[in-house]
file final_36.pdb (PDB, C-alpha atoms, pLDDT in the B column)
ATOM      1  CA  MET A   1      26.138 -26.190  -5.215  1.00 73.00           C
ATOM      2  CA  THR A   2      26.709 -22.437  -5.407  1.00 93.00           C
ATOM      3  CA  ARG A   3      24.073 -20.172  -3.910  1.00 96.00           C
ATOM      4  CA  ARG A   4      21.309 -19.149  -6.299  1.00 97.00           C
ATOM      5  CA  LYS A   5      21.616 -15.508  -7.306  1.00 98.00           C
ATOM      6  CA  ILE A   6      19.543 -12.839  -5.540  1.00 98.00           C
ATOM      7  CA  SER A   7      18.110  -9.555  -6.798  1.00 98.00           C
ATOM      8  CA  CYS A   8      17.291  -7.238  -3.890  1.00 98.00           C
ATOM      9  CA  PHE A   9      15.140  -4.124  -4.154  1.00 98.00           C
ATOM     10  CA  MET A  10      14.312  -1.335  -1.760  1.00 98.00           C
ATOM     11  CA  ILE A  11      11.653   1.353  -2.279  1.00 97.00           C
ATOM     12  CA  VAL A  12      12.489   4.578  -0.437  1.00 98.00           C
ATOM     13  CA  CYS A  13      11.601   8.200   0.194  1.00 97.00           C
ATOM     14  CA  ASN A  14      13.486  10.432   2.641  1.00 97.00           C
ATOM     15  CA  GLU A  15      15.317   7.679   4.514  1.00 97.00           C
ATOM     16  CA  ALA A  16      18.713   9.369   4.863  1.00 97.00           C
ATOM     17  CA  ASP A  17      18.845   8.818   8.627  1.00 96.00           C
ATOM     18  CA  ARG A  18      18.711   5.022   8.344  1.00 96.00           C
ATOM     19  CA  ILE A  19      19.366   3.839   4.793  1.00 97.00           C
ATOM     20  CA  ASP A  20      23.099   3.339   5.449  1.00 97.00           C
ATOM     21  CA  ALA A  21      22.406   0.727   8.110  1.00 97.00           C
ATOM     22  CA  SER A  22      20.027  -1.092   5.794  1.00 98.00           C
ATOM     23  CA  LEU A  23      22.077  -1.040   2.573  1.00 98.00           C
ATOM     24  CA  ALA A  24      25.522  -1.719   4.032  1.00 98.00           C
ATOM     25  CA  PRO A  25      24.919  -5.421   4.873  1.00 98.00           C
ATOM     26  CA  LEU A  26      23.315  -6.000   1.461  1.00 98.00           C
ATOM     27  CA  ALA A  27      25.981  -4.415  -0.741  1.00 97.00           C
ATOM     28  CA  GLY A  28      28.455  -6.998  -1.948  1.00 95.00           C
ATOM     29  CA  TRP A  29      26.311  -9.884  -0.706  1.00 98.00           C
ATOM     30  CA  VAL A  30      23.291  -9.818  -3.027  1.00 98.00           C
ATOM     31  CA  ASP A  31      23.995 -10.159  -6.734  1.00 98.00           C
ATOM     32  CA  GLN A  32      21.879  -7.157  -7.744  1.00 98.00           C
ATOM     33  CA  LEU A  33      20.903  -4.264  -5.472  1.00 98.00           C
ATOM     34  CA  ILE A  34      18.136  -1.909  -6.652  1.00 98.00           C
ATOM     35  CA  VAL A  35      16.918   1.271  -4.978  1.00 98.00           C
ATOM     36  CA  LEU A  36      13.719   2.875  -6.270  1.00 98.00           C
ATOM     37  CA  ASP A  37      13.219   6.398  -4.917  1.00 97.00           C
ATOM     38  CA  SER A  38      10.051   8.478  -5.080  1.00 96.00           C
ATOM     39  CA  GLY A  39      11.112  12.073  -4.541  1.00 94.00           C
ATOM     40  CA  SER A  40      13.573  12.146  -1.660  1.00 97.00           C
ATOM     41  CA  THR A  41      14.866  15.592  -0.685  1.00 96.00           C
ATOM     42  CA  ASP A  42      17.106  14.674   2.255  1.00 96.00           C
ATOM     43  CA  GLY A  43      20.136  13.114   0.545  1.00 95.00           C
ATOM     44  CA  THR A  44      18.763   9.569   0.369  1.00 97.00           C
ATOM     45  CA  LEU A  45      19.703   9.256  -3.322  1.00 96.00           C
ATOM     46  CA  GLU A  46      23.311  10.250  -2.734  1.00 96.00           C
ATOM     47  CA  LEU A  47      23.652   7.759   0.112  1.00 97.00           C
ATOM     48  CA  ALA A  48      22.097   4.963  -1.942  1.00 97.00           C
ATOM     49  CA  LYS A  49      24.559   5.556  -4.775  1.00 97.00           C
ATOM     50  CA  LYS A  50      27.410   4.694  -2.398  1.00 97.00           C
ATOM     51  CA  TYR A  51      26.165   1.106  -2.403  1.00 98.00           C
ATOM     52  CA  THR A  52      24.775   0.517  -5.889  1.00 97.00           C
ATOM     53  CA  ASP A  53      24.650   2.013  -9.373  1.00 96.00           C
ATOM     54  CA  SER A  54      21.057   0.787  -9.788  1.00 97.00           C
ATOM     55  CA  VAL A  55      19.298   3.789  -8.244  1.00 97.00           C
ATOM     56  CA  TYR A  56      16.147   5.002  -9.990  1.00 97.00           C
ATOM     57  CA  GLN A  57      13.744   7.902  -9.451  1.00 95.00           C
ATOM     58  CA  THR A  58      10.021   7.732 -10.052  1.00 95.00           C
ATOM     59  CA  ASP A  59       6.717   9.100  -8.814  1.00 96.00           C
ATOM     60  CA  TRP A  60       4.675   7.450  -6.047  1.00 94.00           C
ATOM     61  CA  PRO A  61       1.766   5.284  -7.271  1.00 92.00           C
ATOM     62  CA  GLY A  62       1.198   3.447  -3.968  1.00 91.00           C
ATOM     63  CA  PHE A  63       3.049   0.635  -2.218  1.00 92.00           C
ATOM     64  CA  GLY A  64       1.803  -2.255  -4.338  1.00 92.00           C
ATOM     65  CA  ALA A  65       2.398  -0.584  -7.695  1.00 93.00           C
ATOM     66  CA  GLN A  66       5.811   0.687  -6.590  1.00 95.00           C
ATOM     67  CA  ARG A  67       6.986  -2.754  -5.513  1.00 95.00           C
ATOM     68  CA  ASN A  68       5.796  -4.163  -8.827  1.00 96.00           C
ATOM     69  CA  ARG A  69       7.795  -1.485 -10.621  1.00 96.00           C
ATOM     70  CA  ALA A  70      10.873  -2.508  -8.659  1.00 96.00           C
ATOM     71  CA  LEU A  71      10.257  -6.136  -9.618  1.00 96.00           C
ATOM     72  CA  THR A  72      10.655  -5.250 -13.288  1.00 96.00           C
ATOM     73  CA  TYR A  73      14.288  -4.274 -12.614  1.00 97.00           C
ATOM     74  CA  CYS A  74      15.106  -7.610 -10.946  1.00 98.00           C
ATOM     75  CA  GLU A  75      17.244  -9.828 -13.173  1.00 97.00           C
ATOM     76  CA  HIS A  76      17.499 -12.977 -11.063  1.00 98.00           C
ATOM     77  CA  ASP A  77      15.009 -15.703 -10.161  1.00 97.00           C
ATOM     78  CA  TRP A  78      15.136 -15.050  -6.416  1.00 98.00           C
ATOM     79  CA  VAL A  79      14.080 -11.635  -5.135  1.00 98.00           C
ATOM     80  CA  LEU A  80      14.696 -10.130  -1.712  1.00 98.00           C
ATOM     81  CA  ASN A  81      12.434  -7.244  -0.707  1.00 97.00           C
ATOM     82  CA  ILE A  82      13.963  -5.188   2.114  1.00 97.00           C
ATOM     83  CA  ASP A  83      12.713  -1.852   3.456  1.00 97.00           C
ATOM     84  CA  ALA A  84      14.952   0.988   4.636  1.00 97.00           C
ATOM     85  CA  ASP A  85      13.872   0.416   8.248  1.00 97.00           C
ATOM     86  CA  GLU A  86      15.049  -3.217   8.170  1.00 98.00           C
ATOM     87  CA  VAL A  87      18.561  -4.554   8.776  1.00 98.00           C
ATOM     88  CA  ILE A  88      19.676  -8.024   7.725  1.00 98.00           C
ATOM     89  CA  THR A  89      22.043  -9.768  10.148  1.00 97.00           C
ATOM     90  CA  GLU A  90      25.107 -11.840   9.318  1.00 97.00           C
ATOM     91  CA  GLU A  91      23.383 -14.897  10.795  1.00 98.00           C
ATOM     92  CA  LEU A  92      20.390 -14.420   8.511  1.00 98.00           C
ATOM     93  CA  LYS A  93      22.623 -13.954   5.472  1.00 98.00           C
ATOM     94  CA  GLN A  94      24.418 -17.216   6.252  1.00 97.00           C
ATOM     95  CA  GLU A  95      21.113 -19.035   6.668  1.00 98.00           C
ATOM     96  CA  ILE A  96      19.819 -17.657   3.353  1.00 98.00           C
ATOM     97  CA  ASP A  97      23.055 -18.691   1.648  1.00 98.00           C
ATOM     98  CA  ALA A  98      22.642 -22.214   2.990  1.00 97.00           C
ATOM     99  CA  VAL A  99      18.982 -22.520   1.933  1.00 97.00           C
ATOM    100  CA  LEU A 100      19.555 -21.120  -1.551  1.00 98.00           C
ATOM    101  CA  SER A 101      22.428 -23.563  -1.987  1.00 97.00           C
ATOM    102  CA  GLU A 102      20.245 -26.631  -1.422  1.00 96.00           C
ATOM    103  CA  PRO A 103      20.275 -28.743  -4.608  1.00 95.00           C
ATOM    104  CA  ASN A 104      16.630 -29.807  -4.287  1.00 94.00           C
ATOM    105  CA  LEU A 105      15.094 -26.627  -2.898  1.00 96.00           C
ATOM    106  CA  ASP A 106      11.302 -26.826  -3.125  1.00 94.00           C
ATOM    107  CA  ALA A 107      10.456 -23.598  -1.265  1.00 97.00           C
ATOM    108  CA  THR A 108       9.220 -20.640  -3.314  1.00 97.00           C
ATOM    109  CA  PHE A 109       8.517 -18.206  -0.460  1.00 97.00           C
ATOM    110  CA  ILE A 110      10.933 -17.742   2.437  1.00 97.00           C
ATOM    111  CA  LYS A 111       9.926 -15.941   5.617  1.00 97.00           C
ATOM    112  CA  PHE A 112      12.127 -14.457   8.326  1.00 96.00           C
ATOM    113  CA  PRO A 113      11.386 -13.912  12.025  1.00 95.00           C
ATOM    114  CA  TRP A 114      10.769 -10.183  12.505  1.00 95.00           C
ATOM    115  CA  HIS A 115      12.366  -8.468  15.512  1.00 96.00           C
ATOM    116  CA  THR A 116      10.527  -5.137  15.660  1.00 97.00           C
ATOM    117  CA  PHE A 117      11.960  -2.537  18.037  1.00 97.00           C
ATOM    118  CA  LEU A 118       9.739  -0.167  20.008  1.00 97.00           C
ATOM    119  CA  PHE A 119      11.665   2.391  22.051  1.00 96.00           C
ATOM    120  CA  GLY A 120      14.802   0.300  22.294  1.00 95.00           C
ATOM    121  CA  LYS A 121      13.393  -3.176  22.917  1.00 96.00           C
ATOM    122  CA  THR A 122      11.857  -5.831  20.688  1.00 96.00           C
ATOM    123  CA  LEU A 123       8.182  -6.726  20.593  1.00 97.00           C
ATOM    124  CA  LYS A 124       8.208 -10.503  20.971  1.00 95.00           C
ATOM    125  CA  HIS A 125       4.475 -11.058  20.495  1.00 96.00           C
ATOM    126  CA  GLY A 126       1.632  -9.829  18.316  1.00 94.00           C
ATOM    127  CA  ARG A 127       1.354  -8.426  14.836  1.00 92.00           C
ATOM    128  CA  TYR A 128       4.873  -7.017  14.706  1.00 94.00           C
ATOM    129  CA  ALA A 129       6.488 -10.300  15.724  1.00 93.00           C
ATOM    130  CA  SER A 130       5.001 -12.401  12.905  1.00 93.00           C
ATOM    131  CA  PRO A 131       7.466 -13.910  10.367  1.00 95.00           C
ATOM    132  CA  GLN A 132       7.659 -11.838   7.193  1.00 94.00           C
ATOM    133  CA  GLY A 133       7.853 -13.164   3.632  1.00 95.00           C
ATOM    134  CA  LYS A 134      10.772 -11.231   2.185  1.00 96.00           C
ATOM    135  CA  LEU A 135      12.487 -13.674  -0.178  1.00 98.00           C
ATOM    136  CA  PHE A 136      10.595 -15.267  -3.045  1.00 98.00           C
ATOM    137  CA  LEU A 137      10.795 -16.878  -6.451  1.00 97.00           C
ATOM    138  CA  LYS A 138      10.060 -14.153  -8.973  1.00 96.00           C
ATOM    139  CA  GLU A 139       8.271 -16.141 -11.693  1.00 95.00           C
ATOM    140  CA  GLY A 140       4.558 -15.282 -11.603  1.00 94.00           C
ATOM    141  CA  ALA A 141       4.881 -13.246  -8.398  1.00 96.00           C
ATOM    142  CA  ASN A 142       3.019  -9.956  -8.115  1.00 95.00           C
ATOM    143  CA  PHE A 143       2.166  -7.502  -5.346  1.00 95.00           C
ATOM    144  CA  LYS A 144      -1.488  -6.595  -4.908  1.00 91.00           C
ATOM    145  CA  HIS A 145      -2.273  -3.106  -6.200  1.00 84.00           C
ATOM    146  CA  ARG A 146      -3.079  -1.588  -2.842  1.00 82.00           C
ATOM    147  CA  SER A 147      -2.087   1.751  -1.386  1.00 81.00           C
ATOM    148  CA  VAL A 148      -0.768  -0.056   1.710  1.00 83.00           C
ATOM    149  CA  HIS A 149      -0.496  -3.617   3.109  1.00 81.00           C
ATOM    150  CA  GLU A 150       0.297  -4.905  -0.355  1.00 85.00           C
ATOM    151  CA  SER A 151       0.576  -8.668   0.077  1.00 89.00           C
ATOM    152  CA  LEU A 152       2.456 -10.825  -2.418  1.00 94.00           C
ATOM    153  CA  GLU A 153       0.540 -13.142  -4.725  1.00 94.00           C
ATOM    154  CA  MET A 154       2.318 -16.224  -6.082  1.00 94.00           C
ATOM    155  CA  PRO A 155       1.279 -19.046  -8.407  1.00 93.00           C
ATOM    156  CA  VAL A 156       2.832 -21.633  -6.072  1.00 92.00           C
ATOM    157  CA  GLU A 157       3.472 -20.778  -2.432  1.00 94.00           C
ATOM    158  CA  ASN A 158       5.723 -23.282  -0.667  1.00 96.00           C
ATOM    159  CA  VAL A 159       6.766 -21.532   2.544  1.00 97.00           C
ATOM    160  CA  ARG A 160       9.989 -22.002   4.479  1.00 97.00           C
ATOM    161  CA  ILE A 161      10.465 -20.101   7.758  1.00 97.00           C
ATOM    162  CA  LEU A 162      14.060 -19.442   8.772  1.00 97.00           C
ATOM    163  CA  LYS A 163      15.406 -19.140  12.317  1.00 97.00           C
ATOM    164  CA  SER A 164      17.556 -16.008  12.153  1.00 97.00           C
ATOM    165  CA  PRO A 165      15.755 -12.670  12.556  1.00 96.00           C
ATOM    166  CA  LEU A 166      15.405  -9.620  10.369  1.00 97.00           C
ATOM    167  CA  LEU A 167      15.777  -6.476  12.511  1.00 98.00           C
ATOM    168  CA  HIS A 168      12.960  -3.958  12.071  1.00 97.00           C
ATOM    169  CA  TYR A 169      13.323  -0.328  13.230  1.00 97.00           C
ATOM    170  CA  SER A 170       9.951   0.893  12.017  1.00 95.00           C
ATOM    171  CA  TRP A 171       9.496   4.003  14.169  1.00 96.00           C
ATOM    172  CA  ARG A 172      11.875   6.839  14.908  1.00 95.00           C
ATOM    173  CA  ASP A 173       9.968   8.149  17.938  1.00 96.00           C
ATOM    174  CA  TYR A 174       6.481   8.298  19.452  1.00 97.00           C
ATOM    175  CA  TYR A 175       5.275  10.898  16.965  1.00 97.00           C
ATOM    176  CA  HIS A 176       6.411   8.688  14.080  1.00 97.00           C
ATOM    177  CA  VAL A 177       4.569   5.678  15.532  1.00 97.00           C
ATOM    178  CA  GLN A 178       1.316   7.615  15.539  1.00 97.00           C
ATOM    179  CA  GLU A 179       1.934   9.395  12.232  1.00 97.00           C
ATOM    180  CA  LYS A 180       2.711   6.163  10.372  1.00 96.00           C
ATOM    181  CA  HIS A 181      -0.295   4.260  11.719  1.00 97.00           C
ATOM    182  CA  LEU A 182      -2.650   7.162  10.980  1.00 97.00           C
ATOM    183  CA  LYS A 183      -1.283   7.481   7.429  1.00 96.00           C
ATOM    184  CA  TYR A 184      -1.683   3.758   6.767  1.00 95.00           C
ATOM    185  CA  ALA A 185      -5.174   3.745   8.280  1.00 97.00           C
ATOM    186  CA  VAL A 186      -6.338   6.517   5.945  1.00 96.00           C
ATOM    187  CA  LEU A 187      -4.728   4.807   2.939  1.00 94.00           C
ATOM    188  CA  GLY A 188      -6.437   1.549   3.882  1.00 95.00           C
ATOM    189  CA  ALA A 189      -9.762   3.357   4.163  1.00 96.00           C
ATOM    190  CA  GLY A 190      -9.260   4.755   0.675  1.00 95.00           C
ATOM    191  CA  ASP A 191      -8.694   1.263  -0.722  1.00 93.00           C
ATOM    192  CA  LYS A 192     -11.881   0.034   0.954  1.00 95.00           C
ATOM    193  CA  ALA A 193     -13.867   3.008  -0.382  1.00 96.00           C
ATOM    194  CA  LYS A 194     -12.771   2.148  -3.927  1.00 94.00           C
ATOM    195  CA  LYS A 195     -14.404  -1.253  -3.390  1.00 94.00           C
ATOM    196  CA  ASN A 196     -17.622   0.485  -2.226  1.00 95.00           C
ATOM    197  CA  LYS A 197     -17.159  -0.647   1.377  1.00 96.00           C
ATOM    198  CA  LYS A 198     -19.184   1.146   4.043  1.00 96.00           C
ATOM    199  CA  SER A 199     -18.567   1.977   7.690  1.00 97.00           C
ATOM    200  CA  SER A 200     -20.125   3.743  10.658  1.00 97.00           C
ATOM    201  CA  LEU A 201     -18.678   5.524  13.662  1.00 97.00           C
ATOM    202  CA  SER A 202     -20.090   2.874  15.989  1.00 98.00           C
ATOM    203  CA  PHE A 203     -18.284   0.185  13.988  1.00 98.00           C
ATOM    204  CA  ALA A 204     -15.080   2.242  14.150  1.00 98.00           C
ATOM    205  CA  VAL A 205     -15.363   2.369  17.958  1.00 98.00           C
ATOM    206  CA  LEU A 206     -16.026  -1.379  18.046  1.00 98.00           C
ATOM    207  CA  ARG A 207     -12.915  -1.994  15.962  1.00 98.00           C
ATOM    208  CA  PHE A 208     -10.816  -0.111  18.504  1.00 98.00           C
ATOM    209  CA  PHE A 209     -11.749  -2.593  21.222  1.00 98.00           C
ATOM    210  CA  VAL A 210     -11.624  -5.663  18.960  1.00 98.00           C
ATOM    211  CA  ASP A 211      -8.183  -4.799  17.594  1.00 98.00           C
ATOM    212  CA  PHE A 212      -6.878  -3.884  21.052  1.00 98.00           C
ATOM    213  CA  LEU A 213      -8.035  -7.202  22.529  1.00 98.00           C
ATOM    214  CA  GLN A 214      -6.736  -9.182  19.580  1.00 97.00           C
ATOM    215  CA  GLN A 215      -3.244  -7.692  19.966  1.00 97.00           C
ATOM    216  CA  TYR A 216      -3.085  -7.539  23.756  1.00 98.00           C
ATOM    217  CA  ILE A 217      -4.854 -10.768  24.746  1.00 98.00           C
ATOM    218  CA  PHE A 218      -5.166 -13.211  21.861  1.00 97.00           C
ATOM    219  CA  ARG A 219      -1.773 -12.411  20.318  1.00 96.00           C
ATOM    220  CA  LEU A 220      -0.178 -12.322  23.784  1.00 97.00           C
ATOM    221  CA  GLY A 221       0.902  -8.679  23.597  1.00 97.00           C
ATOM    222  CA  PHE A 222       0.561  -8.443  27.384  1.00 97.00           C
ATOM    223  CA  LEU A 223       3.743 -10.529  27.649  1.00 97.00           C
ATOM    224  CA  ASP A 224       5.657  -7.538  26.234  1.00 97.00           C
ATOM    225  CA  GLY A 225       4.787  -5.471  29.310  1.00 97.00           C
ATOM    226  CA  LYS A 226       4.287  -1.734  28.953  1.00 97.00           C
ATOM    227  CA  ARG A 227       5.412  -1.774  25.331  1.00 97.00           C
ATOM    228  CA  GLY A 228       2.900  -4.503  24.569  1.00 97.00           C
ATOM    229  CA  PHE A 229       0.113  -2.487  26.163  1.00 98.00           C
ATOM    230  CA  LEU A 230       1.086   0.646  24.246  1.00 97.00           C
ATOM    231  CA  MET A 231       1.247  -1.226  20.935  1.00 97.00           C
ATOM    232  CA  ALA A 232      -2.197  -2.742  21.568  1.00 98.00           C
ATOM    233  CA  ILE A 233      -3.563   0.776  22.146  1.00 98.00           C
ATOM    234  CA  ILE A 234      -1.893   2.007  18.936  1.00 97.00           C
ATOM    235  CA  LEU A 235      -3.322  -0.870  16.909  1.00 97.00           C
ATOM    236  CA  GLY A 236      -6.737  -0.220  18.419  1.00 98.00           C
ATOM    237  CA  GLN A 237      -6.391   3.397  17.316  1.00 98.00           C
ATOM    238  CA  TYR A 238      -5.333   2.180  13.875  1.00 98.00           C
ATOM    239  CA  GLY A 239      -8.530   0.123  13.566  1.00 97.00           C
ATOM    240  CA  PHE A 240     -10.644   3.061  14.741  1.00 98.00           C
ATOM    241  CA  HIS A 241      -8.984   5.548  12.362  1.00 98.00           C
ATOM    242  CA  LYS A 242      -9.317   3.237   9.364  1.00 97.00           C
ATOM    243  CA  TYR A 243     -13.046   2.774   9.747  1.00 98.00           C
ATOM    244  CA  ALA A 244     -13.696   6.333  10.917  1.00 98.00           C
ATOM    245  CA  ALA A 245     -11.847   7.553   7.804  1.00 98.00           C
ATOM    246  CA  LEU A 246     -13.947   5.196   5.681  1.00 98.00           C
ATOM    247  CA  TRP A 247     -17.111   6.617   7.292  1.00 98.00           C
ATOM    248  CA  ALA A 248     -15.888  10.150   6.491  1.00 97.00           C
ATOM    249  CA  ILE A 249     -15.259   9.185   2.857  1.00 96.00           C
ATOM    250  CA  ASN A 250     -18.751   7.646   2.698  1.00 95.00           C
ATOM    251  CA  GLN A 251     -20.263  10.878   4.034  1.00 94.00           C
ATOM    252  CA  GLU A 252     -18.461  12.996   1.462  1.00 90.00           C
ATOM    253  CA  SER A 253     -19.528  10.653  -1.333  1.00 82.00           C
ATOM    254  CA  ASP A 254     -23.177  10.722  -0.190  1.00 78.00           C
ATOM    255  CA  SER A 255     -23.089  14.528  -0.038  1.00 74.00           C
ATOM    256  CA  VAL A 256     -21.864  14.738  -3.631  1.00 71.00           C
ATOM    257  CA  LYS A 257     -24.657  12.398  -4.764  1.00 70.00           C
ATOM    258  CA  GLU A 258     -27.284  14.497  -2.952  1.00 68.00           C
ATOM    259  CA  ASP A 259     -25.997  17.693  -4.566  1.00 64.00           C
ATOM    260  CA  LYS A 260     -26.498  16.132  -7.975  1.00 62.00           C
TER     261      LYS A 260
END

call {"tool": "encode", "arguments": {"input": "final_36.pdb", "output": "structure tokens"}}
result
Amino acid sequence: MTRRKISCFMIVCNEADRIDASLAPLAGWVDQLIVLDSGSTDGTLELAKKYTDSVYQTDWPGFGAQRNRALTYCEHDWVLNIDADEVITEELKQEIDAVLSEPNLDATFIKFPWHTFLFGKTLKHGRYASPQGKLFLKEGANFKHRSVHESLEMPVENVRILKSPLLHYSWRDYYHVQEKHLKYAVLGAGDKAKKNKKSSLSFAVLRFFVDFLQQYIFRLGFLDGKRGFLMAIILGQYGFHKYAALWAINQESDSVKEDK
């Protein structure tokens, strides 16, 4: 049986320094390659057009809504969702080809091992080592409308986890590690505020320690040595910033109500 056809989409903004590495292994392998850009000013669009004619520009409505927009361009039943900081290996492509060629395939959601690099070496444990669901059956699938951490919802979720890894180069340097986690924490706080969630500074401090221990001890981050310790600290900071930002939003909201 020939391999089932794949539509692949990538949402981007100012990824000129790494989009080549991400798009090159996809071009000519997937059956449809889509790039959805939201205002790049660094040459990302021009680089993307080297690999596909399906390059579109739009505004930025948030991660969930943007991925759902990209889904509307996908023509085939199977969809691959790759980010510009991820690189698919030849081994993973061969494994995907084999799975999508199975005559009686019952999986609807295919996850890949995630090899996340932090300062030149992979994190083998913890949040950034968890398999990621990147390949899925399109029918009925939809990303949650969240500003960040937009999980995929599916009518039927039969999971298959492959063996070959997807390479993940999430952070350019130490500043980018901190900047990205702070940005996502504030976006997450905004989503919680929209649902009328509340927080306090004491709870934010508690979340620092809880999230640190979860990553470092319970998810075995300590086995990654110094990098594991640093990532546990960063994820503790992420938890603190998210709930401290939510507390700040609550304070501003209460002030507006008092003024009225």

call {"tool": "closest_residue", "arguments": {"input": "final_36.pdb", "among": "A:Ser147, A:Thr108, A:Thr58, A:Ser253", "to": "A:Ala189", "atoms": "all atoms listed in the file"}}
result
A:Ser147

call {"tool": "resolve_selection", "arguments": {"input": "final_36.pdb", "expression": "the PyMOL selection byres ((chain A and resi 44) around 6)", "output": "CSV table (one decimal) with C-alpha atoms, in the coordinates of the input"}}
result
chain,number,residue,atom,x,y,z
A,14,ASN,CA,13.5,10.4,2.6
A,15,GLU,CA,15.3,7.7,4.5
A,16,ALA,CA,18.7,9.4,4.9
A,42,ASP,CA,17.1,14.7,2.3
A,43,GLY,CA,20.1,13.1,0.5
A,45,LEU,CA,19.7,9.3,-3.3
A,46,GLU,CA,23.3,10.2,-2.7
A,47,LEU,CA,23.7,7.8,0.1

call {"tool": "residues_around", "arguments": {"input": "final_36.pdb", "residues": "A:Ser22", "least_positions_apart": "4", "cutoff": "10 Å", "atoms": "all atoms listed in the file", "output": "list in words"}}
result
Met10, Arg18, Leu26, Ala27, Ile82, Asp83, Ala84, Asp85, Glu86, Val87, Ile88, Thr89, Leu167 and His168 of chain A

call {"tool": "resolve_selection", "arguments": {"input": "final_36.pdb", "expression": "the PyMOL selection byres ((chain A and resi 228) around 12)", "output": "PyMOL selection string"}}
result
chain A and resi 116-119+121-129+212-217+219-227+229-235

call {"tool": "residues_around", "arguments": {"input": "final_36.pdb", "residues": "A:Val148", "least_positions_apart": "2", "cutoff": "6 Å", "atoms": "all atoms listed in the file", "output": "ChimeraX atom specification"}}
result
/A:63,146,150

call {"tool": "write_last_selection", "arguments": {"input": "final_36.pdb", "atoms": "C-alpha atoms", "output": "mmCIF file, keeping the file's coordinate frame"}}
result
data_model
loop_
_atom_site.group_PDB
_atom_site.id
_atom_site.type_symbol
_atom_site.label_atom_id
_atom_site.label_comp_id
_atom_site.auth_asym_id
_atom_site.auth_seq_id
_atom_site.Cartn_x
_atom_site.Cartn_y
_atom_site.Cartn_z
ATOM 1 C CA PHE A 63 3.049 0.635 -2.218
ATOM 2 C CA ARG A 146 -3.079 -1.588 -2.842
ATOM 3 C CA GLU A 150 0.297 -4.905 -0.355
#

call {"tool": "resolve_selection", "arguments": {"input": "final_36.pdb", "expression": "the PyMOL selection byres ((chain A and resi 173-181) around 9)", "output": "list in words"}}
result
Leu118, Phe119, Ser170, Trp171, Arg172, Leu182, Lys183, Tyr184, Ala185, Val186, Ile234, Leu235, Gln237, Tyr238 and His241 of chain A

call {"tool": "build_atoms", "arguments": {"input": "final_36.pdb", "residues": "stretch 195-206 of chain A", "atoms": "N, CA and C atoms", "output": "CSV table (one decimal), in the coordinates of the input"}}
result
chain,number,residue,atom,x,y,z
A,195,LYS,N,-13.7,0.0,-3.2
A,195,LYS,CA,-14.4,-1.3,-3.4
A,195,LYS,C,-15.8,-1.1,-2.9
A,196,ASN,N,-16.3,0.2,-2.7
A,196,ASN,CA,-17.6,0.5,-2.2
A,196,ASN,C,-18.0,-0.1,-0.8
A,197,LYS,N,-16.9,-0.2,0.0
A,197,LYS,CA,-17.2,-0.6,1.4
A,197,LYS,C,-17.7,0.5,2.2
A,198,LYS,N,-18.5,0.2,3.2
A,198,LYS,CA,-19.2,1.1,4.0
A,198,LYS,C,-18.7,1.0,5.5
A,199,SER,N,-18.9,2.0,6.3
A,199,SER,CA,-18.6,2.0,7.7
A,199,SER,C,-19.5,2.9,8.5
A,200,SER,N,-19.4,2.8,9.8
A,200,SER,CA,-20.1,3.7,10.7
A,200,SER,C,-19.2,4.1,11.8
A,201,LEU,N,-19.5,5.2,12.5
A,201,LEU,CA,-18.7,5.5,13.7
A,201,LEU,C,-18.8,4.5,14.8
A,202,SER,N,-19.9,3.9,15.0
A,202,SER,CA,-20.1,2.9,16.0
A,202,SER,C,-19.2,1.7,15.7
A,203,PHE,N,-19.1,1.3,14.4
A,203,PHE,CA,-18.3,0.2,14.0
A,203,PHE,C,-16.8,0.5,14.2
A,204,ALA,N,-16.5,1.8,13.9
A,204,ALA,CA,-15.1,2.2,14.2
A,204,ALA,C,-14.7,2.1,15.6
A,205,VAL,N,-15.6,2.5,16.5
A,205,VAL,CA,-15.4,2.4,18.0
A,205,VAL,C,-15.2,0.9,18.3
A,206,LEU,N,-16.1,0.1,17.8
A,206,LEU,CA,-16.0,-1.4,18.0
A,206,LEU,C,-14.7,-1.9,17.6
